[in-house]
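Below is one structure, written out as C-alpha cells; the observations come after it.
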Amino acid sequence: MTKKIIIPSNKEQIENLMNYVDGFIVGLKDMSVNLPTYFSLFEIKEISELLHKNNKELFVSLNKNMHNNDLEYLKEVLLEFEKYNINGIIYYDVSIINLKKELNLKNELVFSEEHAVTNYATINYWNNMGAKYAYLSNEITLNEIIDIHKNSNSKLFVQVFGYIPIFVSERKLISNYKTYFNIDNKSDLYYIEKEEKKYPILEDKYTTQVYSDYILNIIDEIEKLKSENIEYIVYNSFNISDDVFDYIIKRENIKDKDIKKLLNNVDKGFLYKETIYKVKK
C-alpha cells in the first residue's frame, strides 16, 4: 500500500493533518537542510510519541553535509533516536551509514542525496550497505521511477507536491550580496529573479538554499504510482500557506485542475522530460 507522507511547516500542522496522512518527515535543528522548519531533540521526542500513539510513521532527516566537528553530536543524536519511535533516518552524508554499523543501530536508514538518487544500481549498493529506503531524485521521469522500483531492493519515496530543493551552498550568498550592495532589509525568504522566473532562496547559519521556481504537482499521477506499489509519496509544505497546503492534503480526490485554481506556478518538472545525456554501458 502506498503511504502518504508530508513535510510539515510547524508542529500545529502535524496535529491538524495527522488523521489525513500516514506519516511525517521532520528535521533536527542544526543537523538538517532544505526543510520548512526544524525541531529540537525534545520536540522530536514529543512528536514521535504522538505519532506512535496514533499509528503514524515518522522519518527524521539528518541530511546536512557533516563535518568532523559534527560527529560527536551526531553519534549522540543517533543513539538518542534509538530510544524514540522512529521508522527511519534520512541521510545525505555517508558518515551516518558508517555510524549505523559502528554503533550497531537498529533504526533504518533512507538514502537521500537529492540529485544522485537516479538509478537502481546506486540504490541497491546503499541497500547492501544498510540503507533499506531511498528518496528518489526529482530529476527523473515517471518511466524511470517505475523502472527503478521494479529493479531496486529498497522502499522508495517519491515527492508528488511542493517546491523542490535544487541547490545548497555553505557560502553565505545572501549575506554577501547584501553586504556588497549595502542592503539592510531583513527577511526569512528572498527570491532570485532570472529570465522571468523566481527562485526562492534562504540562508541559515550553516547554508544557503535555493528552490525551484515552480511547485511540483504530479498529483494526477498518484494513481499510477499506487498501481506500481510505490511505497511512499511525499508532499512538501515549504513556502506554501498552511491554509492552501492543509486544504490539498485533506481533499482525498483532489486533481491537478483543482490545484491550479489555488496556485498559479505549478509544473510537472522532469516527469515527462527524457534524459538527454546518459553514461554508455
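Ligands are numbered from 1 in the order shown, chains are lettered A, B, ... in the order of the C-alpha cells, and residues start at 1 in each chain.
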>> Just list as a PyMOL selection string whatever in range 97-150 of chain A DSSP marks as strand (DSSP E or B).
In response: chain A and resi 109-111+133-135
Save out the residues we just selected, all heavy atoms, as an mmCIF file, in the first residue's frame.
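Saved to again.cif:
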```cif
data_model
loop_
_atom_site.group_PDB
_atom_site.id
_atom_site.type_symbol
_atom_site.label_atom_id
_atom_site.label_comp_id
_atom_site.auth_asym_id
_atom_site.auth_seq_id
_atom_site.Cartn_x
_atom_site.Cartn_y
_atom_site.Cartn_z
ATOM 1 N N LEU A 109 17.690 3.308 7.668
ATOM 2 C CA LEU A 109 18.230 4.494 7.006
ATOM 3 C C LEU A 109 17.574 4.692 5.646
ATOM 4 O O LEU A 109 17.213 3.731 4.962
ATOM 5 C CB LEU A 109 19.742 4.368 6.826
ATOM 6 C CG LEU A 109 20.581 4.288 8.104
ATOM 7 C CD1 LEU A 109 22.061 4.258 7.756
ATOM 8 C CD2 LEU A 109 20.280 5.442 9.051
ATOM 9 N N VAL A 110 17.459 5.982 5.269
ATOM 10 C CA VAL A 110 16.895 6.371 3.978
ATOM 11 C C VAL A 110 17.982 7.083 3.178
ATOM 12 O O VAL A 110 18.425 8.181 3.558
ATOM 13 C CB VAL A 110 15.681 7.307 4.144
ATOM 14 C CG1 VAL A 110 15.072 7.640 2.782
ATOM 15 C CG2 VAL A 110 14.644 6.700 5.080
ATOM 16 N N PHE A 111 18.437 6.482 2.103
ATOM 17 C CA PHE A 111 19.436 7.083 1.212
ATOM 18 C C PHE A 111 18.792 8.255 0.485
ATOM 19 O O PHE A 111 17.834 8.097 -0.250
ATOM 20 C CB PHE A 111 19.930 6.020 0.235
ATOM 21 C CG PHE A 111 20.750 6.531 -0.909
ATOM 22 C CD1 PHE A 111 21.784 7.424 -0.715
ATOM 23 C CD2 PHE A 111 20.486 6.093 -2.207
ATOM 24 C CE1 PHE A 111 22.536 7.887 -1.779
ATOM 25 C CE2 PHE A 111 21.234 6.550 -3.275
ATOM 26 C CZ PHE A 111 22.267 7.446 -3.068
ATOM 27 N N TYR A 133 15.794 2.115 2.558
ATOM 28 C CA TYR A 133 14.891 3.038 1.883
ATOM 29 C C TYR A 133 15.716 3.967 0.987
ATOM 30 O O TYR A 133 16.903 4.189 1.232
ATOM 31 C CB TYR A 133 14.140 3.914 2.886
ATOM 32 C CG TYR A 133 13.232 3.204 3.853
ATOM 33 C CD1 TYR A 133 13.743 2.555 4.974
ATOM 34 C CD2 TYR A 133 11.848 3.220 3.687
ATOM 35 C CE1 TYR A 133 12.908 1.928 5.898
ATOM 36 C CE2 TYR A 133 11.001 2.603 4.597
ATOM 37 C CZ TYR A 133 11.534 1.964 5.700
ATOM 38 O OH TYR A 133 10.699 1.359 6.600
ATOM 39 N N ALA A 134 15.047 4.554 -0.015
ATOM 40 C CA ALA A 134 15.696 5.550 -0.881
ATOM 41 C C ALA A 134 14.685 6.631 -1.244
ATOM 42 O O ALA A 134 13.532 6.324 -1.554
ATOM 43 C CB ALA A 134 16.254 4.903 -2.137
ATOM 44 N N TYR A 135 15.136 7.873 -1.195
ATOM 45 C CA TYR A 135 14.307 9.028 -1.543
ATOM 46 C C TYR A 135 14.735 9.480 -2.934
ATOM 47 O O TYR A 135 15.808 10.027 -3.113
ATOM 48 C CB TYR A 135 14.536 10.140 -0.518
ATOM 49 C CG TYR A 135 13.498 11.222 -0.465
ATOM 50 C CD1 TYR A 135 12.884 11.560 0.736
ATOM 51 C CD2 TYR A 135 13.132 11.939 -1.601
ATOM 52 C CE1 TYR A 135 11.929 12.565 0.804
ATOM 53 C CE2 TYR A 135 12.186 12.942 -1.545
ATOM 54 C CZ TYR A 135 11.589 13.251 -0.329
ATOM 55 O OH TYR A 135 10.651 14.256 -0.279
#
```
> Got a sec to tell me which of range 73-275 of chain A DSSP assigns to helix (DSSP H, G or I), as a ChimeraX atom specification?
Replying inline: /A:73-81,95-102,120-129,142-151,173-180,219-227,242-250,256-262
Just-selected residues, C-alpha atoms written as a PDB file, in the first residue's frame:
```
ATOM      1  CA  TYR A  73      26.986  15.230  18.448  1.00  0.00           C
ATOM      2  CA  LEU A  74      25.804  13.114  15.521  1.00  0.00           C
ATOM      3  CA  LYS A  75      26.661   9.962  17.485  1.00  0.00           C
ATOM      4  CA  GLU A  76      24.746  11.278  20.498  1.00  0.00           C
ATOM      5  CA  VAL A  77      21.736  12.074  18.313  1.00  0.00           C
ATOM      6  CA  LEU A  78      21.692   8.676  16.601  1.00  0.00           C
ATOM      7  CA  LEU A  79      21.920   6.883  19.953  1.00  0.00           C
ATOM      8  CA  GLU A  80      19.170   9.080  21.383  1.00  0.00           C
ATOM      9  CA  PHE A  81      16.927   8.317  18.416  1.00  0.00           C
ATOM     10  CA  SER A  95      29.155   9.062   7.909  1.00  0.00           C
ATOM     11  CA  ILE A  96      25.668   8.079   9.089  1.00  0.00           C
ATOM     12  CA  ILE A  97      25.666   4.720   7.355  1.00  0.00           C
ATOM     13  CA  ASN A  98      29.123   4.024   8.816  1.00  0.00           C
ATOM     14  CA  LEU A  99      27.907   5.009  12.276  1.00  0.00           C
ATOM     15  CA  LYS A 100      24.940   2.663  11.954  1.00  0.00           C
ATOM     16  CA  LYS A 101      27.426  -0.218  11.750  1.00  0.00           C
ATOM     17  CA  GLU A 102      29.845   1.167  14.328  1.00  0.00           C
ATOM     18  CA  TYR A 120      18.642   1.319  -9.097  1.00  0.00           C
ATOM     19  CA  ALA A 121      22.316   0.308  -9.177  1.00  0.00           C
ATOM     20  CA  THR A 122      23.261   3.080  -6.764  1.00  0.00           C
ATOM     21  CA  ILE A 123      20.199   2.417  -4.605  1.00  0.00           C
ATOM     22  CA  ASN A 124      20.992  -1.302  -4.418  1.00  0.00           C
ATOM     23  CA  TYR A 125      24.599  -0.526  -3.477  1.00  0.00           C
ATOM     24  CA  TRP A 126      23.479   1.530  -0.480  1.00  0.00           C
ATOM     25  CA  ASN A 127      20.827  -1.053   0.315  1.00  0.00           C
ATOM     26  CA  ASN A 128      23.610  -3.632   0.652  1.00  0.00           C
ATOM     27  CA  MET A 129      25.423  -1.166   2.918  1.00  0.00           C
ATOM     28  CA  LEU A 142       7.826   8.655 -14.483  1.00  0.00           C
ATOM     29  CA  ASN A 143       9.078   5.706 -16.552  1.00  0.00           C
ATOM     30  CA  GLU A 144      12.420   5.845 -14.752  1.00  0.00           C
ATOM     31  CA  ILE A 145      10.677   5.878 -11.366  1.00  0.00           C
ATOM     32  CA  ILE A 146       8.771   2.746 -12.343  1.00  0.00           C
ATOM     33  CA  ASP A 147      11.897   1.057 -13.712  1.00  0.00           C
ATOM     34  CA  ILE A 148      13.854   1.838 -10.540  1.00  0.00           C
ATOM     35  CA  HIS A 149      11.074   0.437  -8.396  1.00  0.00           C
ATOM     36  CA  LYS A 150      10.977  -2.809 -10.356  1.00  0.00           C
ATOM     37  CA  ASN A 151      14.730  -3.307 -10.093  1.00  0.00           C
ATOM     38  CA  LEU A 173      25.285  34.083  -0.553  1.00  0.00           C
ATOM     39  CA  ILE A 174      22.508  36.328   0.746  1.00  0.00           C
ATOM     40  CA  SER A 175      24.671  37.932   3.431  1.00  0.00           C
ATOM     41  CA  ASN A 176      27.498  38.532   0.966  1.00  0.00           C
ATOM     42  CA  TYR A 177      25.116  40.068  -1.570  1.00  0.00           C
ATOM     43  CA  LYS A 178      23.544  42.378   1.000  1.00  0.00           C
ATOM     44  CA  THR A 179      26.949  43.420   2.320  1.00  0.00           C
ATOM     45  CA  TYR A 180      28.317  44.138  -1.156  1.00  0.00           C
ATOM     46  CA  ILE A 219      -0.965  14.536  -8.060  1.00  0.00           C
ATOM     47  CA  ASP A 220      -2.786  13.235 -11.144  1.00  0.00           C
ATOM     48  CA  GLU A 221      -0.062  10.585 -11.431  1.00  0.00           C
ATOM     49  CA  ILE A 222      -0.587   9.288  -7.889  1.00  0.00           C
ATOM     50  CA  GLU A 223      -2.927   6.524  -9.041  1.00  0.00           C
ATOM     51  CA  LYS A 224      -0.217   5.300 -11.416  1.00  0.00           C
ATOM     52  CA  LEU A 225       2.342   5.351  -8.591  1.00  0.00           C
ATOM     53  CA  LYS A 226      -0.075   3.417  -6.397  1.00  0.00           C
ATOM     54  CA  SER A 227      -0.678   0.847  -9.134  1.00  0.00           C
ATOM     55  CA  ASP A 242      -0.938  26.461   5.796  1.00  0.00           C
ATOM     56  CA  ASP A 243      -4.493  27.054   4.563  1.00  0.00           C
ATOM     57  CA  VAL A 244      -3.731  26.009   0.994  1.00  0.00           C
ATOM     58  CA  PHE A 245      -1.497  23.094   1.963  1.00  0.00           C
ATOM     59  CA  ASP A 246      -3.956  21.766   4.537  1.00  0.00           C
ATOM     60  CA  TYR A 247      -6.803  22.013   2.035  1.00  0.00           C
ATOM     61  CA  ILE A 248      -4.840  19.997  -0.542  1.00  0.00           C
ATOM     62  CA  ILE A 249      -3.930  17.299   1.977  1.00  0.00           C
ATOM     63  CA  LYS A 250      -7.475  16.986   3.296  1.00  0.00           C
ATOM     64  CA  ASP A 256      -4.329  18.913 -10.880  1.00  0.00           C
ATOM     65  CA  LYS A 257      -7.055  21.215 -12.175  1.00  0.00           C
ATOM     66  CA  ASP A 258      -8.204  21.918  -8.601  1.00  0.00           C
ATOM     67  CA  ILE A 259      -4.681  22.806  -7.516  1.00  0.00           C
ATOM     68  CA  LYS A 260      -4.199  25.145 -10.483  1.00  0.00           C
ATOM     69  CA  LYS A 261      -7.126  27.172  -9.167  1.00  0.00           C
ATOM     70  CA  LEU A 262      -5.247  27.626  -5.894  1.00  0.00           C
TER      71      LEU A 262
END
```
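Distance annotation: of A:Ile44, A:Gly27, A:Glu49, A:Phe39, the residue with the minimal separation from Leu62 in chain A is A:Gly27; atom set is only C-alpha atoms.
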>> Ranking A:Val266, A:Phe157, A:Gly130, A:Tyr232 by minimum distance to Asn104 in chain A and counting only C-alpha atoms, which one comes first?
In response: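 Between A:Val266, A:Phe157, A:Gly130, A:Tyr232, the residue approaching Asn104 in chain A most closely is A:Gly130.
In this structure, CA of Glu228 in chain A sits 18.4 Å away from CA of Phe161 in chain A.
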>> I'd like the contact shell of Asp204 in chain A - 10 Å cut-off, only C-alpha atoms, skipping same-chain residues fewer than 3 positions apart - returned as a ChimeraX atom specification.
In response: /A:30,33,170,172,174-175,188,207-209
Suppose we keep N, CA, C and O atoms; can you now write the selection as a short mmCIF file (atom, residue, chain, number, x, y, z; two decimals), in the first residue's frame?
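again_32.cif written:
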```
data_model
loop_
_atom_site.label_atom_id
_atom_site.label_comp_id
_atom_site.auth_asym_id
_atom_site.auth_seq_id
_atom_site.Cartn_x
_atom_site.Cartn_y
_atom_site.Cartn_z
N ASP A 30 19.94 22.19 13.43
CA ASP A 30 21.41 22.19 13.29
C ASP A 30 21.97 20.96 12.58
O ASP A 30 23.18 20.88 12.36
N VAL A 33 18.93 20.24 6.45
CA VAL A 33 18.78 21.35 5.50
C VAL A 33 17.57 21.08 4.62
O VAL A 33 17.03 19.97 4.59
N GLU A 170 27.46 26.17 1.27
CA GLU A 170 27.87 26.62 2.59
C GLU A 170 28.35 28.07 2.56
O GLU A 170 28.68 28.65 3.60
N LYS A 172 27.73 32.06 2.33
CA LYS A 172 26.66 32.96 2.79
C LYS A 172 26.27 33.89 1.65
O LYS A 172 26.61 35.07 1.62
N ILE A 174 23.39 35.18 0.49
CA ILE A 174 22.51 36.33 0.75
C ILE A 174 23.24 37.39 1.55
O ILE A 174 23.21 38.59 1.21
N SER A 175 23.93 36.98 2.60
CA SER A 175 24.67 37.93 3.43
C SER A 175 25.73 38.66 2.63
O SER A 175 25.90 39.89 2.75
N ASP A 188 13.04 36.41 6.03
CA ASP A 188 13.35 34.98 6.14
C ASP A 188 13.51 34.34 4.77
O ASP A 188 14.09 33.26 4.65
N THR A 207 24.00 27.21 5.84
CA THR A 207 23.95 27.08 4.38
C THR A 207 23.04 28.14 3.74
O THR A 207 22.25 28.79 4.41
N THR A 208 23.20 28.26 2.43
CA THR A 208 22.23 28.97 1.59
C THR A 208 21.52 27.91 0.75
O THR A 208 22.16 27.02 0.20
N GLN A 209 20.19 28.03 0.66
CA GLN A 209 19.38 27.02 -0.02
C GLN A 209 18.51 27.67 -1.08
O GLN A 209 17.86 28.68 -0.81
#
```
>> Need the shell around Glu57 in chain A: protein/DNA/RNA residues with any atom at most 10 Å away, counting only C-alpha atoms. Skip same-chain ones fewer than 6 positions apart. Format as number ranges by chain?
In response: A: 3-5, 21-25, 48, 51, 85-88
How would the residues just chosen look if you wrote them out with N, CA and C atoms as a compact mmCIF listing (two decimals), in the first residue's frame?
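Result file again_4.txt:
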```txt
# COMPACT_ATOMS: atom_id res chain seq x y z
N LYS A 3 1.89 4.88 0.94
CA LYS A 3 1.63 5.71 2.12
C LYS A 3 1.88 7.19 1.82
N LYS A 4 1.05 8.02 2.40
CA LYS A 4 1.06 9.47 2.19
C LYS A 4 1.85 10.13 3.32
N ILE A 5 2.93 10.81 2.95
CA ILE A 5 3.84 11.42 3.92
C ILE A 5 3.91 12.92 3.65
N VAL A 21 -3.04 11.59 6.85
CA VAL A 21 -1.80 11.08 6.25
C VAL A 21 -1.32 9.86 7.02
N ASP A 22 -0.28 9.23 6.48
CA ASP A 22 0.29 8.03 7.12
C ASP A 22 1.55 8.33 7.91
N GLY A 23 2.12 9.53 7.71
CA GLY A 23 3.34 9.84 8.44
C GLY A 23 3.93 11.18 8.06
N PHE A 24 5.08 11.48 8.69
CA PHE A 24 5.71 12.79 8.54
C PHE A 24 7.22 12.66 8.42
N ILE A 25 7.82 13.66 7.77
CA ILE A 25 9.27 13.84 7.75
C ILE A 25 9.58 15.13 8.48
N SER A 48 7.37 12.01 18.12
CA SER A 48 7.44 10.55 17.94
C SER A 48 6.43 9.85 18.84
N LEU A 51 2.85 10.49 17.35
CA LEU A 51 2.59 9.74 16.13
C LEU A 51 2.50 8.24 16.41
N ASN A 85 10.40 6.32 18.84
CA ASN A 85 9.65 5.53 17.86
C ASN A 85 9.81 6.18 16.49
N ILE A 86 10.89 5.80 15.81
CA ILE A 86 11.23 6.38 14.51
C ILE A 86 11.33 5.27 13.47
N ASN A 87 10.73 5.50 12.32
CA ASN A 87 10.75 4.49 11.26
C ASN A 87 12.01 4.54 10.40
N GLY A 88 12.66 5.70 10.34
CA GLY A 88 13.88 5.78 9.55
C GLY A 88 14.57 7.12 9.69
```
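Relative to CA of Pro200 in chain A, CA of Ser212 in chain A is found at 7.1 Å.
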